[in-house]
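Asker: Pasting input_35.csv here (CSV, C-alpha atoms and all ligand atoms):
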chain,number,residue,atom,x,y,z
A,6,MET,CA,-8.3,19.0,-7.0
A,7,GLY,CA,-11.3,16.8,-6.4
A,8,ASN,CA,-12.9,17.5,-3.1
A,9,GLY,CA,-16.2,16.2,-2.2
A,10,MET,CA,-15.7,16.7,1.4
A,11,GLN,CA,-18.2,19.4,2.2
A,12,SER,CA,-21.3,17.4,1.9
A,13,ASN,CA,-22.4,14.8,4.5
A,14,GLU,CA,-25.0,13.5,2.0
A,15,ASP,CA,-22.7,12.4,-0.6
A,16,PRO,CA,-19.0,12.1,0.4
A,17,ALA,CA,-18.1,11.4,-3.2
A,18,ALA,CA,-19.6,14.6,-4.6
A,19,GLY,CA,-17.0,16.0,-7.1
A,20,ALA,CA,-15.2,12.7,-7.2
A,21,GLY,CA,-14.3,10.7,-10.3
A,22,ARG,CA,-11.6,12.8,-12.0
A,23,GLY,CA,-8.4,11.2,-12.9
A,24,TRP,CA,-9.2,7.6,-12.2
A,25,GLY,CA,-10.3,5.2,-14.9
A,26,LYS,CA,-11.3,1.5,-15.0
A,27,ASP,CA,-8.3,0.2,-13.2
A,28,LEU,CA,-5.8,1.1,-10.5
A,29,LEU,CA,-2.6,-0.7,-11.4
A,30,GLY,CA,0.1,1.4,-9.9
A,31,LEU,CA,1.1,4.9,-8.7
A,32,ARG,CA,3.8,5.4,-11.3
A,33,GLY,CA,2.8,8.2,-13.5
A,34,VAL,CA,-0.2,9.2,-11.4
A,35,GLY,CA,-0.2,13.0,-10.8
A,36,ARG,CA,-0.4,15.0,-7.6
A,37,GLU,CA,-4.0,16.0,-8.0
A,38,ALA,CA,-5.2,12.5,-8.5
A,39,ILE,CA,-3.4,11.3,-5.4
A,40,LEU,CA,-4.6,14.2,-3.3
A,41,GLN,CA,-8.1,13.5,-4.5
A,42,VAL,CA,-7.9,10.0,-3.0
A,43,LEU,CA,-6.5,11.3,0.3
A,44,HIS,CA,-9.3,13.8,0.7
A,45,GLN,CA,-11.8,11.2,-0.2
A,46,ALA,CA,-10.3,8.8,2.4
A,47,GLN,CA,-10.6,11.5,5.0
A,48,ALA,CA,-14.3,11.8,4.2
A,49,MET,CA,-14.5,8.0,4.4
A,50,LEU,CA,-13.0,7.8,7.9
A,51,PRO,CA,-16.2,8.2,9.9
A,52,LEU,CA,-18.0,5.8,7.5
A,53,ALA,CA,-15.2,3.2,7.9
A,54,THR,CA,-15.7,2.8,11.6
A,55,GLU,CA,-19.5,3.0,11.7
A,56,LYS,CA,-21.5,-0.1,11.8
A,57,ARG,CA,-24.7,1.5,10.3
A,58,ARG,CA,-24.2,2.2,6.6
A,59,ARG,CA,-25.3,5.6,5.4
A,60,TRP,CA,-23.9,5.6,1.9
A,61,GLU,CA,-23.8,2.6,-0.4
A,62,PRO,CA,-22.5,3.6,-3.8
A,63,LEU,CA,-21.5,0.0,-4.5
A,64,ARG,CA,-24.9,-1.6,-3.7
A,65,GLY,CA,-25.6,-4.4,-6.2
A,66,ARG,CA,-22.0,-4.5,-7.4
A,67,VAL,CA,-19.8,-7.6,-7.0
A,68,VAL,CA,-16.2,-7.2,-5.9
A,69,VAL,CA,-14.0,-10.3,-6.2
A,70,ASN,CA,-10.8,-10.6,-4.1
A,71,LEU,CA,-8.6,-12.8,-6.2
A,72,PHE,CA,-5.5,-13.6,-4.2
A,73,TYR,CA,-2.7,-15.8,-5.5
A,74,GLU,CA,-0.5,-15.0,-2.5
A,75,PRO,CA,-1.2,-15.1,1.3
A,76,SER,CA,-2.5,-11.9,2.8
A,77,THR,CA,-4.3,-10.9,6.0
A,78,ARG,CA,-4.6,-7.1,6.2
A,79,THR,CA,-4.9,-6.2,2.5
A,80,ARG,CA,-7.5,-8.8,1.7
A,81,ILE,CA,-9.6,-8.1,4.9
A,82,SER,CA,-9.3,-4.4,4.4
A,83,PHE,CA,-10.5,-4.6,0.8
A,84,GLU,CA,-13.4,-6.8,2.0
A,85,LEU,CA,-14.4,-4.4,4.8
A,86,ALA,CA,-14.1,-1.4,2.5
A,87,ALA,CA,-16.2,-3.0,-0.2
A,88,ARG,CA,-18.9,-4.1,2.3
A,89,ALA,CA,-19.0,-0.7,4.0
A,90,LEU,CA,-19.9,0.7,0.6
A,91,GLY,CA,-22.7,-1.8,0.1
A,92,ALA,CA,-20.9,-4.2,-2.4
A,93,ASP,CA,-21.3,-8.0,-2.5
A,94,VAL,CA,-17.8,-9.5,-1.9
A,95,VAL,CA,-16.5,-12.8,-3.0
A,96,ASN,CA,-13.1,-14.1,-1.9
A,97,VAL,CA,-11.2,-16.5,-4.1
A,98,THR,CA,-8.1,-18.1,-2.8
A,99,THR,CA,-6.3,-20.0,-5.4
A,100,ALA,CA,-6.1,-23.3,-3.4
A,101,GLN,CA,-9.9,-23.6,-3.7
A,102,SER,CA,-10.3,-22.5,-7.4
A,103,SER,CA,-9.7,-24.0,-10.8
A,104,VAL,CA,-6.3,-22.4,-10.8
A,105,VAL,CA,-5.0,-25.6,-9.3
A,106,LYS,CA,-6.5,-27.4,-12.4
A,107,GLY,CA,-4.4,-25.2,-14.6
A,108,GLU,CA,-6.8,-22.4,-15.6
A,109,SER,CA,-4.8,-19.4,-16.6
A,110,LEU,CA,-5.1,-16.1,-14.9
A,111,VAL,CA,-6.8,-14.4,-17.8
A,112,ASP,CA,-9.3,-17.3,-18.2
A,113,THR,CA,-10.0,-17.0,-14.5
A,114,ALA,CA,-10.7,-13.3,-14.8
A,115,ARG,CA,-12.9,-13.9,-17.9
A,116,THR,CA,-14.8,-16.5,-15.9
A,117,LEU,CA,-15.3,-14.0,-13.0
A,118,GLN,CA,-16.6,-11.5,-15.6
A,119,ALA,CA,-19.1,-14.0,-17.0
A,120,LEU,CA,-20.3,-14.7,-13.4
A,121,GLY,CA,-21.1,-11.0,-13.0
A,122,ALA,CA,-18.0,-9.5,-11.2
A,123,ASP,CA,-17.7,-5.8,-11.5
A,124,LEU,CA,-14.3,-5.3,-10.0
A,125,VAL,CA,-11.4,-7.7,-9.4
A,126,VAL,CA,-8.9,-7.0,-6.6
A,127,LEU,CA,-5.9,-9.0,-7.7
A,128,ARG,CA,-2.8,-10.1,-5.8
A,129,HIS,CA,-0.3,-12.1,-7.8
A,130,PRO,CA,3.3,-13.1,-7.5
A,131,ALA,CA,4.1,-12.1,-11.1
A,132,SER,CA,5.0,-8.4,-11.7
A,133,GLY,CA,2.6,-7.1,-14.4
A,134,ALA,CA,-0.1,-9.7,-13.9
A,135,PRO,CA,-2.9,-7.1,-13.1
A,136,HIS,CA,-1.9,-5.1,-16.3
A,137,ARG,CA,-2.3,-8.3,-18.4
A,138,VAL,CA,-5.7,-9.0,-16.9
A,139,ALA,CA,-6.9,-5.4,-17.1
A,140,GLN,CA,-6.3,-5.5,-20.9
A,141,ALA,CA,-8.2,-8.7,-21.3
A,142,VAL,CA,-11.4,-8.0,-19.4
A,143,ARG,CA,-14.0,-5.2,-19.2
A,144,VAL,CA,-14.3,-5.4,-15.4
A,145,GLY,CA,-12.2,-3.1,-13.3
A,146,VAL,CA,-8.9,-4.3,-11.9
A,147,VAL,CA,-7.3,-3.0,-8.7
A,148,ASN,CA,-3.7,-4.2,-8.1
A,149,ALA,CA,-3.4,-5.5,-4.5
A,150,GLY,CA,0.3,-6.3,-5.0
A,151,ASP,CA,2.0,-7.7,-8.1
A,152,GLY,CA,5.4,-9.4,-7.5
A,153,THR,CA,8.1,-6.9,-6.9
A,154,ASN,CA,6.4,-4.2,-8.9
A,155,GLU,CA,3.7,-2.2,-7.1
A,156,HIS,CA,1.1,-2.2,-4.3
A,157,PRO,CA,-0.7,1.1,-5.0
A,158,THR,CA,-3.3,1.0,-2.2
A,159,GLN,CA,-0.5,0.4,0.3
A,160,GLY,CA,1.4,3.4,-1.1
A,161,LEU,CA,-1.8,5.5,-0.8
A,162,LEU,CA,-2.4,4.4,2.8
A,163,ASP,CA,1.2,5.2,3.7
A,164,LEU,CA,0.8,8.6,2.2
A,165,PHE,CA,-2.6,9.1,4.0
A,166,THR,CA,-1.0,8.1,7.3
A,167,ILE,CA,1.8,10.6,6.9
A,168,TRP,CA,-0.6,13.3,5.8
A,169,GLN,CA,-2.9,12.6,8.8
A,170,LEU,CA,-0.2,12.4,11.4
A,171,LYS,CA,2.3,14.9,10.1
A,172,GLY,CA,-0.2,17.3,8.7
A,173,ARG,CA,1.5,17.7,5.4
A,174,LEU,CA,3.3,15.8,2.6
A,175,GLU,CA,5.3,18.4,0.8
A,176,GLY,CA,8.9,18.5,2.0
A,177,VAL,CA,8.4,15.6,4.4
A,178,ARG,CA,11.5,13.4,4.5
A,179,VAL,CA,10.6,9.7,4.3
A,180,VAL,CA,13.2,7.0,4.5
A,181,LEU,CA,12.4,3.5,3.4
A,182,VAL,CA,14.6,1.0,5.2
A,183,GLY,CA,15.5,-2.5,4.2
A,184,ASP,CA,14.8,-4.7,1.2
A,185,ILE,CA,14.0,-2.0,-1.3
A,186,LEU,CA,14.8,-4.2,-4.3
A,187,HIS,CA,12.1,-6.7,-3.7
A,188,SER,CA,9.6,-4.3,-2.2
A,189,ARG,CA,6.5,-3.4,-4.2
A,190,VAL,CA,5.6,-1.2,-1.2
A,191,ALA,CA,8.8,0.8,-1.6
A,192,ARG,CA,8.1,1.3,-5.3
A,193,SER,CA,4.6,2.5,-4.8
A,194,ASN,CA,5.8,4.8,-2.0
A,195,LEU,CA,8.5,6.2,-4.2
A,196,TRP,CA,6.1,7.2,-7.0
A,197,GLY,CA,3.4,8.4,-4.7
A,198,LEU,CA,5.7,10.4,-2.4
A,199,SER,CA,7.6,12.0,-5.3
A,200,ALA,CA,4.3,13.0,-6.9
A,201,VAL,CA,3.2,15.0,-3.8
A,202,GLY,CA,6.6,16.6,-3.2
A,203,ALA,CA,7.9,14.6,-0.3
A,204,GLN,CA,11.6,13.7,-0.2
A,205,VAL,CA,12.5,10.0,-0.4
A,206,GLY,CA,15.5,8.2,1.1
A,207,PHE,CA,16.5,4.6,0.8
A,208,CYS,CA,18.6,2.8,3.4
A,209,GLY,CA,19.6,-0.9,3.3
A,210,PRO,CA,22.4,-3.3,2.4
A,211,ALA,CA,23.9,-2.5,-1.0
A,212,THR,CA,22.7,-5.8,-2.4
A,213,LEU,CA,19.1,-4.9,-1.6
A,214,LEU,CA,19.1,-1.4,-3.1
A,215,PRO,CA,18.4,-0.3,-6.7
A,216,ARG,CA,21.0,1.6,-8.6
A,217,PRO,CA,21.0,5.3,-7.8
A,218,GLN,CA,20.9,6.2,-11.5
A,219,ASP,CA,17.6,4.3,-11.8
A,220,VAL,CA,15.9,6.5,-9.1
A,221,PRO,CA,17.0,10.1,-9.5
A,222,GLY,CA,16.2,12.3,-6.6
A,223,VAL,CA,16.3,9.6,-4.0
A,224,ARG,CA,18.9,10.0,-1.2
A,225,PHE,CA,20.9,6.9,-0.4
A,226,PHE,CA,22.0,6.0,3.1
A,227,SER,CA,24.3,3.1,3.9
A,228,ARG,CA,24.1,3.7,7.7
A,229,LEU,CA,20.8,3.5,9.5
A,230,GLU,CA,22.0,6.1,12.0
A,231,ASP,CA,22.4,8.7,9.2
A,232,ALA,CA,19.0,7.9,7.8
A,233,LEU,CA,17.3,8.2,11.2
A,234,GLU,CA,19.0,11.6,11.7
A,235,TRP,CA,17.7,12.8,8.4
A,236,ALA,CA,14.1,11.4,8.3
A,237,ASP,CA,10.8,12.7,9.6
A,238,VAL,CA,9.2,9.3,8.8
A,239,VAL,CA,10.9,5.9,8.9
A,240,ASN,CA,9.1,3.2,6.9
A,241,MET,CA,10.6,-0.2,7.9
A,242,LEU,CA,10.2,-2.8,5.2
A,243,ARG,CA,9.8,-6.5,5.7
A,244,LEU,CA,12.7,-8.7,4.6
A,245,GLN,CA,11.1,-10.5,1.6
A,246,ARG,CA,12.8,-13.8,2.3
A,247,GLU,CA,10.4,-15.6,-0.1
A,248,ARG,CA,11.5,-13.4,-3.1
A,249,GLN,CA,15.2,-13.6,-2.6
A,250,VAL,CA,17.5,-15.9,-4.4
A,251,HIS,CA,20.5,-16.8,-2.4
A,252,GLY,CA,23.3,-14.4,-1.9
A,253,TYR,CA,21.6,-11.1,-1.3
A,254,LEU,CA,21.6,-11.2,2.5
A,255,PRO,CA,24.0,-11.2,5.4
A,256,ALA,CA,22.9,-13.3,8.3
A,257,LEU,CA,19.7,-12.2,10.0
A,258,GLY,CA,21.6,-11.2,13.2
A,259,GLU,CA,23.9,-9.0,11.2
A,260,TYR,CA,21.0,-7.5,9.3
A,261,ARG,CA,19.3,-6.6,12.6
A,262,GLN,CA,22.5,-5.1,13.9
A,263,ARG,CA,23.0,-2.9,10.9
A,264,PHE,CA,19.5,-2.1,9.7
A,265,GLY,CA,17.0,-3.1,12.4
A,266,LEU,CA,15.0,-0.5,14.3
A,267,THR,CA,16.0,-1.9,17.6
A,268,ALA,CA,15.0,-0.7,21.1
A,269,GLN,CA,18.4,0.9,21.4
A,270,ARG,CA,18.0,2.9,18.2
A,271,LEU,CA,14.5,3.8,19.3
A,272,ARG,CA,15.8,5.6,22.4
A,273,ARG,CA,17.9,7.9,20.2
A,274,LEU,CA,15.1,8.6,17.8
A,275,ARG,CA,13.7,12.2,17.8
A,276,PRO,CA,10.3,12.4,19.6
A,277,ASP,CA,8.5,13.7,16.4
A,278,VAL,CA,9.7,10.9,14.1
A,279,LEU,CA,6.9,8.6,12.8
A,280,VAL,CA,7.7,4.9,12.5
A,281,MET,CA,5.8,2.9,9.9
A,282,HIS,CA,5.8,-0.7,8.7
A,283,PRO,CA,3.4,-2.2,6.1
A,284,GLY,CA,3.2,-5.5,7.9
A,285,PRO,CA,3.6,-8.3,8.4
A,286,ALA,CA,6.7,-7.6,10.4
A,287,ASN,CA,9.6,-9.9,11.2
A,288,VAL,CA,9.7,-8.9,14.8
A,289,GLY,CA,13.3,-9.2,16.1
A,290,VAL,CA,14.7,-8.8,12.6
A,291,GLU,CA,13.9,-5.4,11.0
A,292,ILE,CA,11.9,-4.1,14.0
A,293,ASP,CA,11.9,-4.8,17.7
A,294,GLU,CA,8.9,-5.6,19.8
A,295,GLU,CA,9.4,-2.4,21.8
A,296,VAL,CA,9.1,-0.2,18.7
A,297,LEU,CA,5.6,-1.6,18.0
A,298,ALA,CA,4.3,-0.3,21.3
A,299,ASP,CA,6.1,3.1,21.1
A,300,PRO,CA,3.8,6.2,20.7
A,301,ARG,CA,5.9,7.1,17.6
A,302,SER,CA,4.7,3.9,15.9
A,303,ALA,CA,1.9,4.5,13.4
A,304,ILE,CA,1.7,0.8,12.5
A,305,SER,CA,-1.7,-0.1,13.8
A,306,ARG,CA,-3.1,3.3,12.5
A,307,GLN,CA,-1.8,2.4,9.1
A,308,VAL,CA,-4.0,-0.8,9.2
A,309,SER,CA,-7.1,1.2,10.3
A,310,PHE,CA,-6.5,3.9,7.7
A,311,GLY,CA,-6.2,1.2,5.1
A,312,VAL,CA,-9.9,0.6,5.2
A,313,ALA,CA,-10.8,4.3,4.6
A,314,VAL,CA,-8.2,4.5,1.8
A,315,ARG,CA,-9.6,1.5,0.0
A,316,MET,CA,-13.1,2.9,0.5
A,317,ALA,CA,-11.9,6.0,-1.2
A,318,VAL,CA,-10.4,4.1,-4.1
A,319,LEU,CA,-13.5,2.0,-4.6
A,320,SER,CA,-15.9,4.9,-4.4
A,321,LEU,CA,-13.9,7.1,-6.8
A,322,TRP,CA,-13.7,4.1,-9.1
A,323,CYS,CA,-17.4,3.7,-9.2
A,324,GLY,CA,-17.9,7.4,-9.9
A,325,GLN,CA,-15.9,7.2,-13.1
A,326,GLY,CA,-15.1,3.6,-14.1
A,327,GLU,CA,-17.2,0.9,-15.7
A,328,LEU,CA,-19.9,1.3,-13.1
A,329,SER,CA,-20.9,4.8,-14.1
A,330,ARG,CA,-22.1,3.8,-17.5
A,401,LIG,C1,3.1,-6.1,1.9
A,401,LIG,C2,2.9,-6.9,0.6
A,401,LIG,O1,2.3,-8.0,0.6
A,401,LIG,O2,3.3,-6.4,-0.4
A,401,LIG,N1,2.2,-6.4,2.9
A,401,LIG,C3,1.0,-5.8,2.8
A,401,LIG,O3,0.3,-5.8,1.8
A,401,LIG,N2,0.6,-5.1,3.9
A,401,LIG,C4,4.5,-6.1,2.3
A,401,LIG,C5,5.1,-7.3,2.6
A,401,LIG,O4,4.7,-8.4,2.3
A,401,LIG,O5,6.2,-7.2,3.1
Output the structure of this file as structure tokens.
Answerer:
Amino acid sequence: MGNGMQSNEDPAAGAGRGWGKDLLGLRGVGREAILQVLHQAQAMLPLATEKRRRWEPLRGRVVVNLFYEPSTRTRISFELAARALGADVVNVTTAQSSVVKGESLVDTARTLQALGADLVVLRHPASGAPHRVAQAVRVGVVNAGDGTNEHPTQGLLDLFTIWQLKGRLEGVRVVLVGDILHSRVARSNLWGLSAVGAQVGFCGPATLLPRPQDVPGVRFFSRLEDALEWADVVNMLRLQRERQVHGYLPALGEYRQRFGLTAQRLRRLRPDVLVMHPGPANVGVEIDEEVLADPRSAISRQVSFGVAVRMAVLSLWCGQGELSR
């Protein structure tokens, strides 16, 4: 396992194994490579909150955030992470770019490469878009969410949060609740958690769950009460209303009643259960206001840890990817 954690001089000493030019997903990524990121993120924690920069492995490098979908926390967190490591950061939102003039995604990425970008952080509504770009350009590509496919840095920060707050990952029971079918967060969680030996459960309306035979090893719950009884960690997913075609969903009120983490359900939750949500939350639908303020909620810590985890990804990438040449 990579661990460069001993030295204060160079938190990334020993880094760079297992990660190549791109980070496209967690599917197929092994335990060692995931643990390497988590240890690196732990080393990044003090640097993430410090205003004075001590270590700038990305100095002189250009990171471009190319976002074709709205985002608050993911984009800002990549920006803060890249800046904390000394990079120059450019934010491209598609409304202000030539995308509105019909430039294709690959052309846009080639243009960014010609302009001197070293790494493109890409969010796109089409599943597979980052993979297509990664094949077409020499610059590194980090997937910041592609359609319903994956959101690897969210998966890593969810793992990091569990590891930090539960003290372990192996054997931890994590239930993902809600719209699993449309959730790239659920998919990245599933691959990441399985790789490190956690147990994964899915709970939601039958129309929003994958087929059990497609995800062997996952426990299915049709009643939230049973899932809450089983789980050490409850990860509440946002209802992805924008990705649903009609017919998947019962009325919102009914959804809340069956699958919402309500104040009433919170009162029956074990004191050691961790509640997570990737955000943005539909407060009053999948999660109640009271849950956000409860000490069992790790939601704001997930956001803070996100910066350290993205710093880990970026610093590991520059130890091994294109930049090391
Ligand atoms: C998620 C996303 O965009 O995939 N949000 C995030 O990145 N924190 C989850 C969501 O939109 O529900």
Asker: From the options A:Gln118, A:Thr113, A:Gln159, A:Asn154, which residue's atoms come nearest to Val314 of chain A, counting all atoms listed in the file?
Answerer: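 Using all atoms listed in the file, the shortest distance to Val314 of chain A belongs to A:Gln159.
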Asker: Fewer than 5 positions away in the same chain doesn't count, so skip those; otherwise give me all residues within 7 Å of Pro157 of chain A, counting all atoms listed in the file, as a list in words.
Answerer: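 Residues near the query, excluding close chain neighbours: Leu29, Gly30, Leu31, Asn148 and Ser193 of chain A.
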Asker: Please identify all protein, DNA and RNA residues within 7 Å of ligand LIG 401 (chain A), counting all atoms listed in the file, and report them as a PDB file with C-alpha atoms, in the coordinates of the input.
Answerer:
ATOM      1  CA  SER A  76      -2.500 -11.900   2.800  1.00  0.00           C
ATOM      2  CA  ARG A  78      -4.600  -7.100   6.200  1.00  0.00           C
ATOM      3  CA  THR A  79      -4.900  -6.200   2.500  1.00  0.00           C
ATOM      4  CA  GLY A 150       0.300  -6.300  -5.000  1.00  0.00           C
ATOM      5  CA  HIS A 156       1.100  -2.200  -4.300  1.00  0.00           C
ATOM      6  CA  GLN A 159      -0.500   0.400   0.300  1.00  0.00           C
ATOM      7  CA  SER A 188       9.600  -4.300  -2.200  1.00  0.00           C
ATOM      8  CA  ARG A 189       6.500  -3.400  -4.200  1.00  0.00           C
ATOM      9  CA  VAL A 190       5.600  -1.200  -1.200  1.00  0.00           C
ATOM     10  CA  LEU A 242      10.200  -2.800   5.200  1.00  0.00           C
ATOM     11  CA  ARG A 243       9.800  -6.500   5.700  1.00  0.00           C
ATOM     12  CA  LEU A 244      12.700  -8.700   4.600  1.00  0.00           C
ATOM     13  CA  GLN A 245      11.100 -10.500   1.600  1.00  0.00           C
ATOM     14  CA  PRO A 283       3.400  -2.200   6.100  1.00  0.00           C
ATOM     15  CA  GLY A 284       3.200  -5.500   7.900  1.00  0.00           C
ATOM     16  CA  PRO A 285       3.600  -8.300   8.400  1.00  0.00           C
TER      17      PRO A 285
END
Asker: Find the residue from A:Val111, A:Val223, A:Leu213, A:Met241 that sits nearest to Trp196 of chain A; use all atoms listed in the file when measuring.
Answerer: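 Selected residue with least distance to Trp196 of chain A: A:Val223.
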Asker: Compile the contact shell of Arg270 of chain A as a PyMOL selection string: residues with an atom at most 12 Å away, counting all atoms listed in the file, same-chain residues fewer than 6 positions apart removed.
Answerer: chain A and resi 229-234+261-264+280+291-293+295-296
Asker: Compile the contact shell of Arg36 of chain A as a PyMOL selection string: residues with an atom at most 10 Å away, counting only C-alpha atoms, same-chain residues fewer than 3 positions apart removed.
Answerer: chain A and resi 6+33+39-41+197-202
Asker: May I have the residues within 10 Å of Pro75 of chain A as a list of chain:residue names, using all atoms listed in the file and disregarding those fewer than 2 positions away in the same chain?
Answerer: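 Once the adjacent positions are removed, what remains is A:Phe72, A:Tyr73, A:Thr77, A:Arg78, A:Thr79, A:Arg80, A:Thr98, A:Thr99, A:Arg128, A:His129.
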Asker: Skipping near chain neighbours, those fewer than 6 positions away, what residues fall within 8 Å of Cys208 of chain A using all atoms listed in the file, listed as a ChimeraX atom specification?
Answerer: /A:180-183,214,225-229,232
Asker: Of the residues A:Trp235, A:Ala191, A:Arg57, A:Val97, which is the one nearest to Pro215 of chain A, using all atoms listed in the file?
Answerer: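 The answer is A:Ala191, which sits nearest to Pro215 of chain A.
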Asker: Go through A:Ala46, A:Ala203, A:Cys323, A:Val220 one by one, measure the shortest atom-to-atom distance of each to Leu186 of chain A using all atoms listed in the file, and give the residue with the smallest value.
Answerer: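 The closest residue to Leu186 of chain A is A:Val220.
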Asker: Dump as a Markdown table the rows for residues of segment 251-275 of chain A within 12 Å of segment 299-303 of chain A: closest atom pair and distance in Å with one decimal, only C-alpha atoms counted, ordered by chain and rising residue number.
Answerer:
| residue | atom | partner | partner_atom | distance |
| --- | --- | --- | --- | --- |
| A:Leu266 | CA | A:Ser302 | CA | 11.3 |
| A:Thr267 | CA | A:Asp299 | CA | 11.6 |
| A:Ala268 | CA | A:Asp299 | CA | 9.7 |
| A:Leu271 | CA | A:Asp299 | CA | 8.6 |
| A:Arg272 | CA | A:Asp299 | CA | 10.1 |
| A:Leu274 | CA | A:Arg301 | CA | 9.3 |
| A:Arg275 | CA | A:Arg301 | CA | 9.3 |
Asker: Point out the residue among A:Leu50, A:Val288, A:Ala149, A:Met316 with the least atom-to-atom distance to His136 of chain A, counting all atoms listed in the file.
Answerer: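 Among the listed residues, the smallest separation from His136 of chain A belongs to A:Ala149.
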Asker: Mind pulling up the distance from atom CA of Val318 of chain A to atom CA of Gln45 of chain A?
Answerer: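 These two atoms are separated by 8.2 Å.
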Asker: Which value, in Å to one decimal, gives the distance between atom CA of Asp123 of chain A and atom CA of Val146 of chain A?
Answerer: 8.9 Å
Asker: Expressed in Å to a single decimal, how great is the separation between atom CA of Gln218 of chain A and atom CA of Asp163 of chain A?
Answerer: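 Answer for the atom CA of Gln218 of chain A to atom CA of Asp163 of chain A separation: 24.9 Å.
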Asker: Could you check which of A:Asn70, A:Asn96, A:Gln307, A:Thr158 is closest to Asn240 of chain A, using all atoms listed in the file?
Answerer: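 When distances to Asn240 of chain A are compared using all atoms listed in the file, the smallest one comes from A:Gln307.
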Asker: With all heavy atoms as the target, complete segment 154-159 of chain A and hand it back as a PDB file, in the frame of the given file.
Answerer:
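Result saved to out.pdb:
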ATOM      1  N   ASN A 154       6.630  -5.408  -8.172  1.00  0.00           N
ATOM      2  CA  ASN A 154       6.400  -4.200  -8.900  1.00  0.00           C
ATOM      3  C   ASN A 154       5.675  -3.086  -8.091  1.00  0.00           C
ATOM      4  O   ASN A 154       6.313  -2.113  -7.708  1.00  0.00           O
ATOM      5  CB  ASN A 154       5.532  -4.511 -10.153  1.00  0.00           C
ATOM      6  CG  ASN A 154       5.209  -3.279 -10.969  1.00  0.00           C
ATOM      7  OD1 ASN A 154       6.062  -2.411 -11.128  1.00  0.00           O
ATOM      8  ND2 ASN A 154       3.989  -3.189 -11.457  1.00  0.00           N
ATOM      9  N   GLU A 155       4.380  -3.230  -7.796  1.00  0.00           N
ATOM     10  CA  GLU A 155       3.700  -2.200  -7.100  1.00  0.00           C
ATOM     11  C   GLU A 155       2.601  -2.697  -6.158  1.00  0.00           C
ATOM     12  O   GLU A 155       2.141  -3.849  -6.291  1.00  0.00           O
ATOM     13  CB  GLU A 155       3.021  -1.183  -8.090  1.00  0.00           C
ATOM     14  CG  GLU A 155       4.000  -0.178  -8.680  1.00  0.00           C
ATOM     15  CD  GLU A 155       3.415   1.239  -8.753  1.00  0.00           C
ATOM     16  OE1 GLU A 155       2.745   1.675  -7.798  1.00  0.00           O
ATOM     17  OE2 GLU A 155       3.640   1.884  -9.787  1.00  0.00           O
ATOM     18  N   HIS A 156       2.230  -1.860  -5.233  1.00  0.00           N
ATOM     19  CA  HIS A 156       1.100  -2.200  -4.300  1.00  0.00           C
ATOM     20  C   HIS A 156       0.484  -0.790  -4.030  1.00  0.00           C
ATOM     21  O   HIS A 156       0.687  -0.177  -2.982  1.00  0.00           O
ATOM     22  CB  HIS A 156       1.736  -2.747  -3.016  1.00  0.00           C
ATOM     23  CG  HIS A 156       0.757  -3.333  -2.050  1.00  0.00           C
ATOM     24  ND1 HIS A 156      -0.612  -3.167  -2.163  1.00  0.00           N
ATOM     25  CD2 HIS A 156       0.950  -4.089  -0.942  1.00  0.00           C
ATOM     26  CE1 HIS A 156      -1.198  -3.795  -1.154  1.00  0.00           C
ATOM     27  NE2 HIS A 156      -0.283  -4.362  -0.404  1.00  0.00           N
ATOM     28  N   PRO A 157      -0.270  -0.313  -5.035  1.00  0.00           N
ATOM     29  CA  PRO A 157      -0.700   1.100  -5.000  1.00  0.00           C
ATOM     30  C   PRO A 157      -1.537   1.481  -3.790  1.00  0.00           C
ATOM     31  O   PRO A 157      -1.366   2.580  -3.261  1.00  0.00           O
ATOM     32  CB  PRO A 157      -1.470   1.278  -6.304  1.00  0.00           C
ATOM     33  CG  PRO A 157      -1.769  -0.096  -6.802  1.00  0.00           C
ATOM     34  CD  PRO A 157      -0.683  -0.976  -6.287  1.00  0.00           C
ATOM     35  N   THR A 158      -2.441   0.595  -3.333  1.00  0.00           N
ATOM     36  CA  THR A 158      -3.300   1.000  -2.200  1.00  0.00           C
ATOM     37  C   THR A 158      -2.452   1.075  -0.898  1.00  0.00           C
ATOM     38  O   THR A 158      -2.756   1.864  -0.011  1.00  0.00           O
ATOM     39  CB  THR A 158      -4.526   0.144  -2.001  1.00  0.00           C
ATOM     40  OG1 THR A 158      -4.136  -1.221  -1.817  1.00  0.00           O
ATOM     41  CG2 THR A 158      -5.473   0.264  -3.185  1.00  0.00           C
ATOM     42  N   GLN A 159      -1.389   0.266  -0.813  1.00  0.00           N
ATOM     43  CA  GLN A 159      -0.500   0.400   0.300  1.00  0.00           C
ATOM     44  C   GLN A 159       0.258   1.715   0.273  1.00  0.00           C
ATOM     45  O   GLN A 159       0.402   2.412   1.282  1.00  0.00           O
ATOM     46  CB  GLN A 159       0.499  -0.788   0.384  1.00  0.00           C
ATOM     47  CG  GLN A 159       1.456  -0.741   1.574  1.00  0.00           C
ATOM     48  CD  GLN A 159       0.777  -1.028   2.912  1.00  0.00           C
ATOM     49  OE1 GLN A 159      -0.027  -1.956   3.004  1.00  0.00           O
ATOM     50  NE2 GLN A 159       1.085  -0.251   3.939  1.00  0.00           N
TER      51      GLN A 159
END
